[in-house]
Structure formats: structure tokens, C-alpha cells
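S.K.: So that we are looking at the same thing, I have put the structure below in C-alpha cells.
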Amino acid sequence: MKRLSFICFTESGAELCVKLMEGFSEKGSQCQGYCPGKLVGSGPYGEKLVPLSVSLSEWAKAQFLIVDGIIFIGAAGIAVRAIAPFLKTKAEDPAVVVLDDMGRFSISLLSGHLGGANELAEEAAEISGGQAVITTATDNHGGFAVDLFAKKQKLVICEINRIKEVSSAVLRGEEVGFFSDFPIEGKLPVPLIHNGERDVNLWITIKDKPENEMLKDSFKLVPKLLVLGIGCRKGVDSETIEKAVNQVLQMWNLSKESLTACASIDLKKEEPGLCEFTSSRGVGFYTYPSEILGKVEGEFSASSFVKQVTGVDNVCERAALACVKELGGGKLLVRKQAANGVTVAVAVLDWKLNL
């Protein structure tokens with residue numbers, strides 16, 4: 001569900017604002033509209049809008065932290081001045097769209113691809129009956145956009161500032177090399193050349209560093225496929241867990257961006273160090289009772305001491321496999337690694353690139 005905030009400044013803008021909110025709500029978005037206090041209660045639409053109780057700059061700052069998209073209904077200059085102090089990166093900024101208060105033009109202003117502003121502008125134009133204005137070069141030239149490709153495939157872009165290298169090559173009409181450590185289903189879009197080295201190359205991988213010299217300067221796209229299974233002594237802090245995990249990732253040449261979840265036994269569901277670690281990594285935390293872990297099939301690094309304490313002979317490997325099973329299937333990639341009261345195993349989800 002998209003979280004969208006709308007803001008308008010005139011009576012005609014308020015009418016359009018409510019129309020857009022109703023249209024996006026029907027599409028499944030969560031919408032909230034704002035306007036100057038004088039517009040609240042005026043006309044049949046004012047009661048549906050929240051009066052602006054802070055400055056426009058303060059409002060914009062707050063929206064940047066909580067919503068997926070912001071739609072300004074008014075002059076583009078107002079929107080630019082309001083959002084300018086809070087811009088960060090392509091990966092962090094929300095989508096920003098501007099419509100004139102007659103709904104004639106819907107302009108994708110910020111985060112056209114990764115944030116989804118191009119799509120948002122087109123949807124807004126469809127609702128208002130106006131014209132979407134898209135200014136991203138790859139879209140206007142009908143070319144491949146690597147950031148949009150990454151978003152659709154749910155891939156992490158490790159070096160946001162290198163997007164322009166791929167876009168420039170596409171706009172020059174050059175072919176782009178494409179390499180994947182995972183199966184590909186479907187036809188690659190032009191100008192991607194499978195396993196063909198070019199001046200600019202894309203590489204889909206969960207590896208941290210290339211083992212092939214040919215891929216050393218590649219633009220890396222990372223699927224979030226790794227599940228950590230973690231066991232730990234009571235009271236182990238998050239820094240110790242972090243160090244143990246980083247050590248495993250480094251040893252096995254695995255990218256930290258590929259982490260998607262962490263799993264453990266339910267005895268650890270409120271363990272402060274584990275909870276803090278998963279929160280800092282921004283990954284899901286799954287826990288399972290010993291009865292479930294004991295039913296996980298496979299060969300495991302058994303420990304009689306662990307079984308005595310937890311009721312199951314291995315926590316980290318079994319938890320990692322239980323989690324990938326819940327998330328769609330996968331296999332154990334790294335068996336139990338122990339250090340400073342922490343055990344870590346890594347499982348990888350089954351995945352292929354669907355085009």
C-alpha cells in the first residue's frame with residue numbers, strides 16, 4: 001500500500017486534491033490531504049482536508065520521513081522550494097509530483113524511477129484527465145533504465161552514483177554487458193547482452209567482490225536472498241553479533257546488501273542484542289519453537305549442550321532453513337560458524353530473474 005500526501009493552496013486545487021485522493025484510494029493507496037486553514041470547510045471538499053498547522057517547509061520535512069509519495073497541487077516553484085532542503089539520494093527520497101490546480105499537467109519532479117514518481121504522475125494524470133510530464137531521458141528516448149529495472153526486479157543498487165554511467169551508455173546507443181549468478185527466465189531488454197563484456201557491465205550477484213577479473217568494474221545489482229540463522233548466549237550485545245555476522249560474510253564473500261531476514265529460536269525473540277541487530281540491519285526477525293526446528297530436515301552440526309538448553313541440537317542452521325522454507329524455499333549456504341558466544345549460519349532463497 002502506497003502512503004501518499006497531497007497539498008493544495010486554492011479552492012480549485014482543493015477540489016482536485018479530493019478527486020485525486022478518491023482516485024488513489026480506489027487503487028489501494030493510503031491518502032491524506034492538507035491545505036491552508038482558510039480552505040477547510042469551504043465547499044463540499046474542505047471537510048476532507050487537514051488544515052496546515054505548521055510552515056510548508058516543516059510539513060515537507062515531516063512528509064519526507066513517513067510517506068512514499070508527495071503530490072503538490074500548485075506552482076512547481078512552491079514544491080521545489082519546499083522540498084529542496086530535505087533532498088538526500090535517489091534511494092531515499094520519496095516520489096514528488098506537481099499538478100497545476102486545473103489538473104492539466106502532472107509533472108514527475110523527483111525520484112522518477114526508484115521512488116516511482118513517473119508512474120505516480122501518470123496515475124494522477126489519468127485521474128485528473130490531464131497530461132503526464134515525464135522528463136527522464138531514458139524514458140523519453142524509449143531506452144533501458146537500470147534504476148527502474150532494479151526496482152521492478154527488487155534488486156539493491158550498491159552504487160547509486162553510477163546509475164548515470166549506464167544511462168549515458170544507453171543514450172549513446174551502446175550495448176551493455178549483462179552477467180548473472182542466477183538463472184534468467186525471459187528475454188533481456190535491449191541493449192543488454194548476456195555474458196558479453198562491454199565498456200559498461202551489469203552484474204547480478206550476492207557476492208561482495210568479483211572473483212572474475214572481467215567483472216571487477218561492473219555495476220552490481222544485489223537480490224535480497226540471504227537468511228541468517230543466529231544462536232547466542234543470553235546477554236550478548238548487538239556489536240558482538242554484528243562482528244560475528246560480518247566475519248562470516250567476509251569469509252564467504254557475501255554482500256551485506258543481500259541480507260533479507262534473520263531467524264532464531266523463540267527463546268530469543270526478545271533477546272535485546274538480537275533485536276537491536278535485526279533492527280539496525282533493517283531485516284525481518286523470525287523465531288521458531290524448538291518443536292518446529294526439530295522437524296527441519298537435513299544434516300546439522302549437533303551440540304548436546306545446545307539441546308540440553310534449548311530442546312534442539314542446533315539453532316542457527318535449523319532456524320535459517322525453517323525461515324527460507326517459510327519464505328518460499330532455499331538451501332543452507334554456510335554451516336554453523338561460532339565466535340564469542342554467537343553462532344551464525346546462512347541460507348539462500350531460491351530465486352531466478354523473471355523478465
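Residues in the C-alpha cells are numbered from 1 in each chain, the chains being A, B, ... in the order shown, and ligands are numbered from 1 in the order shown.
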Which residues, written as a PyMOL selection string, have at least one atom at most 9 Å from stretch 319-336 of chain A, with only C-alpha atoms counted and residues fewer than 2 positions away on the same chain left out?
M.R.: chain A and resi 226-231+248+252+261-265+286-288+292-293+296-297+300-301+314-317+338+343-351
S.K.: Just to be explicit: take each residue in the selection above, keep C-alpha atoms, and write the result as a PDB file, in the first residue's frame.
M.R.:
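That gives us selection-v5.pdb:
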```pdb
ATOM      1  CA  LEU A 226      20.259 -14.372   2.359  1.00  0.00           C
ATOM      2  CA  VAL A 227      18.728 -15.526   5.633  1.00  0.00           C
ATOM      3  CA  LEU A 228      20.872 -15.521   8.749  1.00  0.00           C
ATOM      4  CA  GLY A 229      20.326 -18.205  11.354  1.00  0.00           C
ATOM      5  CA  ILE A 230      21.666 -16.971  14.685  1.00  0.00           C
ATOM      6  CA  GLY A 231      22.076 -18.528  18.100  1.00  0.00           C
ATOM      7  CA  VAL A 248      31.020 -14.822   8.174  1.00  0.00           C
ATOM      8  CA  TRP A 252      32.311 -16.345   2.341  1.00  0.00           C
ATOM      9  CA  ALA A 261      15.969 -11.895   7.237  1.00  0.00           C
ATOM     10  CA  CYS A 262      17.334 -13.250  10.487  1.00  0.00           C
ATOM     11  CA  ALA A 263      15.996 -16.332  12.271  1.00  0.00           C
ATOM     12  CA  SER A 264      16.435 -17.934  15.677  1.00  0.00           C
ATOM     13  CA  ILE A 265      14.659 -20.000  18.315  1.00  0.00           C
ATOM     14  CA  TYR A 286      11.679 -14.738  12.565  1.00  0.00           C
ATOM     15  CA  THR A 287      11.656 -17.085  15.555  1.00  0.00           C
ATOM     16  CA  TYR A 288      10.519 -20.694  15.843  1.00  0.00           C
ATOM     17  CA  ILE A 292       9.364 -26.728  14.681  1.00  0.00           C
ATOM     18  CA  LEU A 293      13.169 -26.507  14.494  1.00  0.00           C
ATOM     19  CA  VAL A 296      13.574 -29.365   9.906  1.00  0.00           C
ATOM     20  CA  GLU A 297      15.161 -31.975   7.650  1.00  0.00           C
ATOM     21  CA  PHE A 300      23.250 -30.411  11.158  1.00  0.00           C
ATOM     22  CA  SER A 301      26.202 -29.548  13.379  1.00  0.00           C
ATOM     23  CA  ASN A 314      21.259 -26.874  16.598  1.00  0.00           C
ATOM     24  CA  VAL A 315      19.657 -23.437  16.472  1.00  0.00           C
ATOM     25  CA  CYS A 316      21.337 -21.406  13.739  1.00  0.00           C
ATOM     26  CA  GLU A 317      21.293 -23.920  10.861  1.00  0.00           C
ATOM     27  CA  ALA A 338      30.903 -19.850  16.127  1.00  0.00           C
ATOM     28  CA  THR A 343      26.672 -18.980  16.191  1.00  0.00           C
ATOM     29  CA  VAL A 344      25.849 -17.967  12.622  1.00  0.00           C
ATOM     30  CA  ALA A 345      24.593 -19.961   9.636  1.00  0.00           C
ATOM     31  CA  VAL A 346      23.463 -18.633   6.274  1.00  0.00           C
ATOM     32  CA  ALA A 347      20.737 -19.938   3.958  1.00  0.00           C
ATOM     33  CA  VAL A 348      19.903 -18.639   0.485  1.00  0.00           C
ATOM     34  CA  LEU A 349      16.449 -18.364  -1.026  1.00  0.00           C
ATOM     35  CA  ASP A 350      15.657 -19.981  -4.376  1.00  0.00           C
ATOM     36  CA  TRP A 351      15.483 -17.195  -6.961  1.00  0.00           C
TER      37      TRP A 351
END
```
S.K.: Report, in Å with one decimal, the straight-line distance from atom CA of A:Lys152 to atom CA of A:Ser280.
M.R.: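 Computing it gives 25.1 Å between the two atoms.
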S.K.: Write out as a list in words the set of residues from stretch 262-322 of chain A that DSSP, computed on the backbone, places in strand (DSSP E or B).
M.R.: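 Written out, the strand (DSSP E or B) residues of stretch 262-322 of chain A are Cys262, Ala263, Ser264, Ile265, Gly284, Phe285, Tyr286, Thr287 and Tyr288 of chain A.
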S.K.: Just to be explicit: take each residue in the selection above, keep all heavy atoms, and write the result as a PDB file, in the first residue's frame.
M.R.:
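That gives us again.pdb:
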```pdb
ATOM      1  N   CYS A 262      16.557 -12.583   9.443  1.00  0.00           N
ATOM      2  CA  CYS A 262      17.334 -13.250  10.487  1.00  0.00           C
ATOM      3  C   CYS A 262      16.379 -14.182  11.215  1.00  0.00           C
ATOM      4  O   CYS A 262      15.203 -13.848  11.414  1.00  0.00           O
ATOM      5  CB  CYS A 262      17.922 -12.216  11.434  1.00  0.00           C
ATOM      6  SG  CYS A 262      18.849 -12.914  12.801  1.00  0.00           S
ATOM      7  N   ALA A 263      16.862 -15.355  11.616  1.00  0.00           N
ATOM      8  CA  ALA A 263      15.996 -16.332  12.271  1.00  0.00           C
ATOM      9  C   ALA A 263      16.700 -16.933  13.486  1.00  0.00           C
ATOM     10  O   ALA A 263      17.926 -17.076  13.505  1.00  0.00           O
ATOM     11  CB  ALA A 263      15.609 -17.438  11.290  1.00  0.00           C
ATOM     12  N   SER A 264      15.892 -17.302  14.485  1.00  0.00           N
ATOM     13  CA  SER A 264      16.435 -17.934  15.677  1.00  0.00           C
ATOM     14  C   SER A 264      15.334 -18.731  16.363  1.00  0.00           C
ATOM     15  O   SER A 264      14.216 -18.844  15.848  1.00  0.00           O
ATOM     16  CB  SER A 264      17.016 -16.875  16.630  1.00  0.00           C
ATOM     17  OG  SER A 264      17.760 -17.494  17.676  1.00  0.00           O
ATOM     18  N   ILE A 265      15.637 -19.268  17.515  1.00  0.00           N
ATOM     19  CA  ILE A 265      14.659 -20.000  18.315  1.00  0.00           C
ATOM     20  C   ILE A 265      13.796 -18.997  19.078  1.00  0.00           C
ATOM     21  O   ILE A 265      14.235 -17.874  19.379  1.00  0.00           O
ATOM     22  CB  ILE A 265      15.371 -20.975  19.281  1.00  0.00           C
ATOM     23  CG1 ILE A 265      14.377 -21.961  19.900  1.00  0.00           C
ATOM     24  CG2 ILE A 265      16.157 -20.222  20.349  1.00  0.00           C
ATOM     25  CD1 ILE A 265      15.065 -23.122  20.594  1.00  0.00           C
ATOM     26  N   GLY A 284      13.826  -8.618   8.548  1.00  0.00           N
ATOM     27  CA  GLY A 284      12.823  -9.270   9.355  1.00  0.00           C
ATOM     28  C   GLY A 284      13.443 -10.224  10.364  1.00  0.00           C
ATOM     29  O   GLY A 284      14.509 -10.804  10.106  1.00  0.00           O
ATOM     30  N   PHE A 285      12.799 -10.386  11.512  1.00  0.00           N
ATOM     31  CA  PHE A 285      13.303 -11.286  12.550  1.00  0.00           C
ATOM     32  C   PHE A 285      12.253 -12.365  12.796  1.00  0.00           C
ATOM     33  O   PHE A 285      11.157 -12.083  13.268  1.00  0.00           O
ATOM     34  CB  PHE A 285      13.586 -10.494  13.829  1.00  0.00           C
ATOM     35  CG  PHE A 285      14.213 -11.317  14.936  1.00  0.00           C
ATOM     36  CD1 PHE A 285      14.995 -12.429  14.667  1.00  0.00           C
ATOM     37  CD2 PHE A 285      14.017 -10.950  16.266  1.00  0.00           C
ATOM     38  CE1 PHE A 285      15.575 -13.167  15.684  1.00  0.00           C
ATOM     39  CE2 PHE A 285      14.592 -11.682  17.292  1.00  0.00           C
ATOM     40  CZ  PHE A 285      15.368 -12.791  17.003  1.00  0.00           C
ATOM     41  N   TYR A 286      12.593 -13.603  12.442  1.00  0.00           N
ATOM     42  CA  TYR A 286      11.679 -14.738  12.565  1.00  0.00           C
ATOM     43  C   TYR A 286      12.184 -15.670  13.668  1.00  0.00           C
ATOM     44  O   TYR A 286      13.382 -15.962  13.738  1.00  0.00           O
ATOM     45  CB  TYR A 286      11.615 -15.513  11.253  1.00  0.00           C
ATOM     46  CG  TYR A 286      11.083 -14.729  10.082  1.00  0.00           C
ATOM     47  CD1 TYR A 286      11.879 -13.787   9.425  1.00  0.00           C
ATOM     48  CD2 TYR A 286       9.790 -14.928   9.608  1.00  0.00           C
ATOM     49  CE1 TYR A 286      11.399 -13.064   8.345  1.00  0.00           C
ATOM     50  CE2 TYR A 286       9.295 -14.215   8.521  1.00  0.00           C
ATOM     51  CZ  TYR A 286      10.111 -13.290   7.899  1.00  0.00           C
ATOM     52  OH  TYR A 286       9.631 -12.579   6.823  1.00  0.00           O
ATOM     53  N   THR A 287      11.267 -16.125  14.518  1.00  0.00           N
ATOM     54  CA  THR A 287      11.656 -17.085  15.555  1.00  0.00           C
ATOM     55  C   THR A 287      10.720 -18.288  15.517  1.00  0.00           C
ATOM     56  O   THR A 287       9.549 -18.179  15.132  1.00  0.00           O
ATOM     57  CB  THR A 287      11.622 -16.455  16.962  1.00  0.00           C
ATOM     58  OG1 THR A 287      10.295 -15.980  17.246  1.00  0.00           O
ATOM     59  CG2 THR A 287      12.611 -15.306  17.059  1.00  0.00           C
ATOM     60  N   TYR A 288      11.255 -19.433  15.925  1.00  0.00           N
ATOM     61  CA  TYR A 288      10.519 -20.694  15.843  1.00  0.00           C
ATOM     62  C   TYR A 288      10.689 -21.501  17.128  1.00  0.00           C
ATOM     63  O   TYR A 288      11.782 -21.507  17.717  1.00  0.00           O
ATOM     64  CB  TYR A 288      11.026 -21.527  14.652  1.00  0.00           C
ATOM     65  CG  TYR A 288      10.948 -20.789  13.338  1.00  0.00           C
ATOM     66  CD1 TYR A 288      12.024 -20.031  12.880  1.00  0.00           C
ATOM     67  CD2 TYR A 288       9.791 -20.832  12.561  1.00  0.00           C
ATOM     68  CE1 TYR A 288      11.953 -19.332  11.680  1.00  0.00           C
ATOM     69  CE2 TYR A 288       9.714 -20.139  11.363  1.00  0.00           C
ATOM     70  CZ  TYR A 288      10.792 -19.390  10.930  1.00  0.00           C
ATOM     71  OH  TYR A 288      10.714 -18.692   9.745  1.00  0.00           O
TER      72      TYR A 288
END
```
S.K.: If you measure from atom CA of A:Gly177 to atom CA of A:Arg198, what distance in Å do you get, rounded to one decimal?
M.R.: 5.0 Å
S.K.: Which distance in Å separates atom CA of A:Pro36 and atom CA of A:Phe72, to one decimal?
M.R.: 12.9 Å
S.K.: Do you know which residues are at most 8 Å from stretch 183-191 of chain A counting only C-alpha atoms, after dropping those on the same chain fewer than 3 positions away, and could you put them as a JSON list (two decimals) with C-alpha atoms, in the first residue's frame?
M.R.:
```
[["chain", "number", "residue", "atom", "x", "y", "z"],
["A", 143, "GLY", "CA", 15.70, 3.34, -23.55],
["A", 144, "PHE", "CA", 16.63, 0.93, -20.79],
["A", 170, "VAL", "CA", 22.25, 3.58, -23.26],
["A", 174, "GLU", "CA", 25.98, 1.36, -26.76],
["A", 175, "GLU", "CA", 25.42, -2.24, -25.72],
["A", 176, "VAL", "CA", 25.66, -3.07, -22.01],
["A", 180, "SER", "CA", 24.03, -13.04, -13.58],
["A", 194, "HIS", "CA", 24.10, -11.74, -21.83],
["A", 351, "TRP", "CA", 15.48, -17.20, -6.96],
["A", 352, "LYS", "CA", 15.69, -16.50, -10.67],
["A", 353, "LEU", "CA", 15.45, -13.36, -12.77],
["A", 354, "ASN", "CA", 11.98, -13.22, -14.34],
["A", 355, "LEU", "CA", 11.84, -10.84, -17.29]]
```
